[in-house]
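Participant: Quick one: structure below, then a few questions.
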Amino acid sequence: MTTNHPPLAGHIISLRPYQLAAITKLRHSLAGGYRRVMLYSPTGSGKTVTAEAMIRGALAKGKRVAFIANRKQLVGQASAHLSAAGIPHGILQADNTRDLDARVLVCSIDTIAARGFPDDIGLIVIDEAHACAGSAKYRRLLDRYNRVPTIGLSATPFAPGLGQVFGDMVIAATIRDLIGDGYLVDVDVFAPASPDLTGVKTRRGIGGEVDYAEVALGEAMDRPDLVGDIIAHWRRLAAGKQTVVFASSIPHSQHIAAQFCASGVSAEHIDYHADDDTRADILARFRRGEFRVLCNVALLAEGWDCPATEVMVLARPTKSLTRFVQMVGRVLRPAPGKARALLLDHSGTTLDLGYPTDDLPLVLDSGKANKAGSAKARERKPSPCPACKFVRPAGVHKCPSCGFEPVRQNDVEVTDGTLEKVERKPRTPATADRKQQVYSMLLSVARSKHYSPGWVAHQYRAMFGVWPRNMRDVPAAPSNEILSWLKSQRIRFAKGRGKQQEARNHG
């Protein structure tokens, strides 16, 4: 039985203002000649609802649509959403394949690679599209269908080389926008000193980003003293709150769950080895609040929503900004009685990559040097309070949480190894005109010296503390003030490199 009848009649979809604006921007980008456009929209912003609106628009124009995902779980979720929205569709996914003549197909990229793809698709929508940069399967598909309009959806478009796949990026809203409008909650972070990861090798991870090798990482983190530290700090800072734990390996996750249970806190572990029914049962019972702590490695990092989850324990160090932001996004959705989320970071990641709800490097990475889309683009690092362990933003000396003001000794603050709360540094906002003026002058300098767009983004970030957004591409002659400031930045950078070289020579 086919399901290719018109699905639009009688259904009204309600979009938020930023979702409506994003769809308009996408249409303009496609009309302007781009064929592959990335839509950045933070975790919890309703990317699937936005995709539903795009699908309805394409169907109204008589086009067939393919919605593609890279995980079985995401295929199932997309299908469930379309069913609830009253949109008939088929599925192209292993043994679950059905109704291939439907006007909408929800597809697995693995199955497409093995079986092929319909030739009459008029719109391609790719979920979690940051994975395209490091995937030969996606590259082959997009190369073959390079004339078909393609929209990528991602909350983390930071993968190296993603700008070689997508020609343009539309920003629906930023995390700060959504927090300010009440669509997401902000997060407080408590963090310990970084764990000792000496000897833990790295490899290419999500979308080609460098990250720790999982087996060696699990061995380094799965120690009784570190597991016990997780339980103790949870009891002090988050007791009784619904919590998700991201561990470094399956044994590590199992040990954390067992230690919670041994201490009288209900906890369970979940991983991909369990069958679909078992996983669904665990997630349903957690959603109902039948147990307090849910432990996993990476299964829940994408596509899992449980707004009542208020606390995240990060026991998995990562160098990947994509992985970090995806994991923290699990606890940012608002829920009744939930004013803020809480991150207990036992990995040192916040201190390395920065506050997870700060502005992000929203520039597609070209794969060349000076990568604005890399984790290193977030230059200002937070630091922990030695007294209460609240993580403060860069430059904040007096702790906003407990009021402790440490005495500086060569800018090194000695800690006792317990969790510290990270705070942000308040900044004096610049006017929109001033920001555009500086951006235009930086554009002029970059073009005269053949610098990349990433250089402009970095310099703008260094001056204002945020990444450029909604700036007009209008160069302007640089002032003496800007030229002097750029010179001071070069001098500071050169001195920093000199100190690093000296340290290596005497190391």
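To be explicit about the labels: the chains of the structure tokens are called A, B, and onward in the order shown, and within each one the residues are counted from 1, while ligands get numbers from 1 in the order they are shown.
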Within 10 Å of region 111-113 of chain A, counting only C-alpha atoms, which residues qualify if same-chain residues fewer than 6 places away don't, as a list of chain:residue names?

Facilitator: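 With the cut-off at 10 Å, the set is A:Ile68, A:Asn70, A:Leu92, A:Gln93, A:Ala94, A:Asp95, A:Thr97, A:Ala136, A:Lys137, A:Tyr138, A:Arg140, A:Leu141.
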
Participant: Hey, what's within 12 Å of Gly90 (chain A) if we count only C-alpha atoms and toss same-chain stuff fewer than 2 positions away? As a PyMOL selection string, please?

Facilitator: chain A and resi 1-4+64-68+75-76+78-80+82-83+87-88+92-93+96-108

Participant: Interatomic distance between CA of Gln259 (chain A) and CA of Phe291 (chain A)?

Facilitator: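 Answer for the CA of Gln259 (chain A) to CA of Phe291 (chain A) separation: 14.2 Å.
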
Participant: Please identify all polymer residues within 12 Å of Lys435 (chain A), counting only C-alpha atoms, omitting same-chain residues fewer than 3 positions from it, and present them as a PDB file with C-alpha atoms, in the first residue's frame.

Facilitator:
```
ATOM      1  CA  PRO A 429      28.257  45.771  25.333  1.00  0.00           C
ATOM      2  CA  ALA A 430      29.272  47.675  22.222  1.00  0.00           C
ATOM      3  CA  THR A 431      26.661  49.284  20.018  1.00  0.00           C
ATOM      4  CA  ALA A 432      25.553  47.536  16.830  1.00  0.00           C
ATOM      5  CA  VAL A 438      34.945  47.368  13.293  1.00  0.00           C
ATOM      6  CA  TYR A 439      33.826  44.361  11.247  1.00  0.00           C
ATOM      7  CA  SER A 440      33.951  46.414   8.036  1.00  0.00           C
ATOM      8  CA  MET A 441      37.462  47.665   8.830  1.00  0.00           C
ATOM      9  CA  LEU A 442      38.651  44.140   9.602  1.00  0.00           C
ATOM     10  CA  ALA A 457      36.070  36.349  12.981  1.00  0.00           C
ATOM     11  CA  GLN A 459      39.913  39.490  15.552  1.00  0.00           C
ATOM     12  CA  TYR A 460      36.289  40.523  16.020  1.00  0.00           C
ATOM     13  CA  ARG A 461      35.961  37.915  18.813  1.00  0.00           C
ATOM     14  CA  MET A 463      37.765  42.724  20.565  1.00  0.00           C
ATOM     15  CA  PHE A 464      34.130  42.137  21.526  1.00  0.00           C
ATOM     16  CA  GLY A 465      34.171  38.711  23.188  1.00  0.00           C
ATOM     17  CA  VAL A 466      31.557  37.304  20.774  1.00  0.00           C
ATOM     18  CA  TRP A 467      31.594  35.955  17.225  1.00  0.00           C
ATOM     19  CA  PRO A 468      30.324  38.207  14.404  1.00  0.00           C
ATOM     20  CA  ARG A 469      26.686  37.604  13.553  1.00  0.00           C
ATOM     21  CA  ASN A 470      24.406  39.311  11.046  1.00  0.00           C
ATOM     22  CA  MET A 471      27.214  41.604   9.863  1.00  0.00           C
ATOM     23  CA  ARG A 472      27.032  43.259   6.440  1.00  0.00           C
TER      24      ARG A 472
END
```

Participant: Which one of A:Tyr451, A:Phe286, A:Tyr34, A:Phe324 sits closest to Asp345 (chain A) if you count only C-alpha atoms?

Facilitator: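 Ranking A:Tyr451, A:Phe286, A:Tyr34, A:Phe324 by distance to Asp345 (chain A), first place goes to A:Phe324.
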
Participant: Apply DSSP to the structure's backbone, then extract all residues of region 27-235 of chain A labelled helix (DSSP H, G or I) and return them as a PyMOL selection string.

Facilitator: chain A and resi 27-31+47-60+72-84+94-96+109-115+129-134+136-144+162-164+175-180+206-208+214-221+224-235

Participant: When you draw a straight line from CA of Ile175 (chain A) to CA of Tyr40 (chain A), how long is it in Å?

Facilitator: 10.5 Å

Participant: Rounded to one decimal place, report the CA of Asp143 (chain A)-CA of Gln19 (chain A) distance in Å.

Facilitator: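 A separation of 28.6 Å between them.
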
Participant: Report the residues of region 105-244 of chain A whose backbone DSSP state falls under strand (DSSP E), written as a ChimeraX atom specification.

Facilitator: /A:105-108,121-126,150-154,168-171,187-191,202-204,210-212,243-244

Participant: Take the residues from that selection and put them in a file with C-alpha atoms, as an mmCIF file, in the first residue's frame.

Facilitator:
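The file below, out-v4.cif, is the result:
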```cif
data_model
loop_
_atom_site.group_PDB
_atom_site.id
_atom_site.type_symbol
_atom_site.label_atom_id
_atom_site.label_comp_id
_atom_site.auth_asym_id
_atom_site.auth_seq_id
_atom_site.Cartn_x
_atom_site.Cartn_y
_atom_site.Cartn_z
ATOM 1 C CA LEU A 105 11.274 9.240 2.470
ATOM 2 C CA VAL A 106 13.083 9.019 5.797
ATOM 3 C CA CYS A 107 16.420 7.429 4.977
ATOM 4 C CA SER A 108 19.484 5.950 6.620
ATOM 5 C CA ILE A 121 14.094 13.613 -5.183
ATOM 6 C CA GLY A 122 13.556 17.390 -5.294
ATOM 7 C CA LEU A 123 14.800 18.323 -1.800
ATOM 8 C CA ILE A 124 17.311 16.651 0.520
ATOM 9 C CA VAL A 125 17.297 17.396 4.257
ATOM 10 C CA ILE A 126 20.200 15.990 6.297
ATOM 11 C CA THR A 150 20.149 20.262 0.109
ATOM 12 C CA ILE A 151 19.595 21.607 3.633
ATOM 13 C CA GLY A 152 21.852 20.417 6.456
ATOM 14 C CA LEU A 153 20.596 20.639 10.033
ATOM 15 C CA SER A 154 23.070 20.952 12.895
ATOM 16 C CA ASP A 168 26.426 28.829 2.890
ATOM 17 C CA MET A 169 25.169 28.814 6.472
ATOM 18 C CA VAL A 170 21.948 30.257 7.842
ATOM 19 C CA ILE A 171 21.850 30.996 11.579
ATOM 20 C CA VAL A 187 23.693 26.251 32.944
ATOM 21 C CA ASP A 188 25.841 26.509 36.059
ATOM 22 C CA VAL A 189 29.119 24.614 35.898
ATOM 23 C CA PHE A 190 31.150 23.080 38.697
ATOM 24 C CA ALA A 191 34.464 21.569 37.630
ATOM 25 C CA THR A 202 43.915 11.052 20.129
ATOM 26 C CA ARG A 203 42.161 10.182 16.884
ATOM 27 C CA ARG A 204 39.763 11.722 14.396
ATOM 28 C CA VAL A 210 40.336 15.347 16.986
ATOM 29 C CA ASP A 211 39.252 13.547 20.169
ATOM 30 C CA TYR A 212 40.591 11.050 22.661
ATOM 31 C CA THR A 243 20.682 13.340 36.071
ATOM 32 C CA VAL A 244 22.332 12.030 32.907
#
```

Participant: I'd like to know which of A:Val311, A:Leu178, A:Cys306, A:Val215 is closest to Arg235 (chain A), using only C-alpha atoms.

Facilitator: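 Checking each candidate against Arg235 (chain A), we get A:Val311 as the closest.
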
Participant: Name the closest residue to His130 (chain A) among the candidates A:Ile282, A:Ile256, A:Leu321, A:Val245; distances are taken between atoms, counting only C-alpha atoms.

Facilitator: A:Leu321

Participant: Can you tell me, as a list of chain:residue names, what residues are no more than 10 Å from Gly182 (chain A) when counting only C-alpha atoms, ignoring any on the same chain fewer than 3 positions away?

Facilitator: A:Arg176, A:Asp177, A:Leu178, A:Ile179, A:Val185, A:Asp186, A:Arg333, A:Pro334, A:Ala339
